[in-house]
Amino acid sequence: MNTAHMQSPPTEAQKSAATLLESALQDHDPRLAQDALHTTYRAGLHRIHASALVALARAPWHFSHEDVVLALQQLRSPETVGILEKTAFAVHDYLGYDEFFGLARKCTWALADVGTTEAQQALERIANCDNPVIAAYAKKRLDNWQKELHRKGV
C-alpha cells in the first residue's frame, strides 16, 4: 500500500473527516461514527486520523470496531500497537455471534502490518493467551513474519 498520502499535509477533506470523527467521539453517536469512518475512507486515511481512530477502538458505544481496526491497519502507525493488542481481546455484545473472533483476527493482521519490534512482541503475548483461536491467529502472523515483510510499515 502506498502510504505517501498519509505523510503529506492533510487535505481539506481529510481535515473535515477528522472533525467528523471527533464529533462522533464527543457525541457518543454510533451512526455518526459509522458515517465518519466512511467519510474518512473517501477522503483518504491520514495520520491526523490516528488519535480519533485509537479513541474509537477503545469506545464501547458503537458498532464499527472492525472498520476502525482496518483503518489502523492501513495507517500502520507504531503508536497503535497498544490499542490493537487490547482490542484483540475486547468483548462487544454486538459481536457475540462470532465464535471465530474476527475482530481479534483483524487486530493480529494490523499488528503484523505495523511491523515494529513492539508489534511483534504484542503478537507474541497474544499467541500465549488462553483463547486458542485468538492465539492461533497471532501465531500465524508470527510464523509468516518474514514472508510478509513487504506489507509492513517499517
# chains A, B, ... in the order shown; residues from 1 in each chain; ligands from 1
call {"tool": "residues_around", "arguments": {"residues": "Ala88 in chain A", "least_positions_apart": "5", "cutoff": "7 Å", "atoms": "only C-alpha atoms", "output": "number ranges by chain"}}
result
A: 103-104, 107
call {"tool": "write_last_selection", "arguments": {"atoms": "C-alpha atoms", "output": "PDB file, in the first residue's frame"}}
result
ATOM      1  CA  LEU A 103     -12.084  -8.634  15.395  1.00  0.00           C
ATOM      2  CA  ALA A 104      -9.112 -10.309  17.085  1.00  0.00           C
ATOM      3  CA  CYS A 107      -6.032  -6.958  15.135  1.00  0.00           C
TER       4      CYS A 107
END
call {"tool": "residues_around", "arguments": {"residues": "Phe63 in chain A", "least_positions_apart": "6", "cutoff": "9 Å", "atoms": "only C-alpha atoms", "output": "list in words"}}
result
Pro30, Arg31, Ala33, Gln34, His92, Tyr94 and Leu95 of chain A
call {"tool": "write_last_selection", "arguments": {"atoms": "N, CA and C atoms", "output": "mmCIF file, in the first residue's frame"}}
result
data_model
loop_
_atom_site.group_PDB
_atom_site.id
_atom_site.type_symbol
_atom_site.label_atom_id
_atom_site.label_comp_id
_atom_site.auth_asym_id
_atom_site.auth_seq_id
_atom_site.Cartn_x
_atom_site.Cartn_y
_atom_site.Cartn_z
ATOM 1 N N PRO A 30 -23.201 6.291 17.590
ATOM 2 C CA PRO A 30 -22.774 5.164 16.753
ATOM 3 C C PRO A 30 -22.973 5.401 15.261
ATOM 4 N N ARG A 31 -24.078 6.020 14.894
ATOM 5 C CA ARG A 31 -24.366 6.274 13.480
ATOM 6 C C ARG A 31 -23.360 7.287 12.912
ATOM 7 N N ALA A 33 -20.411 7.807 14.046
ATOM 8 C CA ALA A 33 -19.105 7.132 13.977
ATOM 9 C C ALA A 33 -18.981 6.356 12.671
ATOM 10 N N GLN A 34 -20.021 5.632 12.326
ATOM 11 C CA GLN A 34 -20.006 4.864 11.076
ATOM 12 C C GLN A 34 -19.899 5.798 9.872
ATOM 13 N N HIS A 92 -17.454 -7.303 22.731
ATOM 14 C CA HIS A 92 -18.558 -6.410 22.407
ATOM 15 C C HIS A 92 -19.794 -7.275 22.181
ATOM 16 N N TYR A 94 -22.399 -6.877 20.466
ATOM 17 C CA TYR A 94 -22.861 -6.970 19.085
ATOM 18 C C TYR A 94 -22.039 -7.962 18.260
ATOM 19 N N LEU A 95 -20.886 -8.367 18.755
ATOM 20 C CA LEU A 95 -20.069 -9.372 18.066
ATOM 21 C C LEU A 95 -20.179 -10.749 18.732
#
call {"tool": "atom_distance", "arguments": {"atom1": "CA of Arg125 in chain A", "atom2": "CA of Leu111 in chain A"}}
result
11.8 Å
call {"tool": "select_by_dssp", "arguments": {"residues": "chain A", "states": "helix (DSSP H, G or I)", "output": "PyMOL selection string"}}
result
chain A and resi 4-7+12-27+30-43+47-58+65-75+78-87+93-95+102-114+117-127+132-143+149-151
call {"tool": "closest_residue", "arguments": {"among": "A:Val81, A:Leu72, A:Val91, A:Ala43", "to": "Ala59 in chain A", "atoms": "only C-alpha atoms"}}
result
A:Val91
call {"tool": "residues_around", "arguments": {"residues": "range 136-146 of chain A", "least_positions_apart": "6", "cutoff": "8 Å", "atoms": "only C-alpha atoms", "output": "PyMOL selection string"}}
result
chain A and resi 104-105+108-109+112+120+123-124+126-127
call {"tool": "write_last_selection", "arguments": {"atoms": "C-alpha atoms", "output": "tab-separated table (two decimals), in the first residue's frame"}}
result
chain	number	residue	atom	x	y	z
A	104	ALA	CA	-9.11	-10.31	17.09
A	105	ARG	CA	-8.00	-11.74	13.75
A	108	THR	CA	-3.33	-9.58	14.58
A	109	TRP	CA	-3.13	-8.63	10.90
A	112	ALA	CA	1.76	-7.66	11.72
A	120	GLN	CA	5.90	-8.41	17.12
A	123	LEU	CA	1.71	-10.71	18.79
A	124	GLU	CA	3.88	-12.96	20.94
A	126	ILE	CA	-1.40	-12.70	22.11
A	127	ALA	CA	0.00	-16.03	20.86
call {"tool": "closest_residue", "arguments": {"among": "A:Asn128, A:Gln26, A:Thr11, A:Thr87", "to": "Val68 in chain A", "atoms": "only C-alpha atoms"}}
result
A:Thr87
call {"tool": "atom_distance", "arguments": {"atom1": "CA of Glu118 in chain A", "atom2": "CA of Gln73 in chain A"}}
result
14.8 Å
call {"tool": "atom_distance", "arguments": {"atom1": "CA of Phe101 in chain A", "atom2": "CA of Leu56 in chain A"}}
result
18.7 Å
call {"tool": "residues_around", "arguments": {"residues": "Leu45 in chain A", "least_positions_apart": "5", "cutoff": "12 Å", "atoms": "only C-alpha atoms", "output": "PyMOL selection string"}}
result
chain A and resi 1-11+13-18+21+36-40+50+52-53+68+70-77
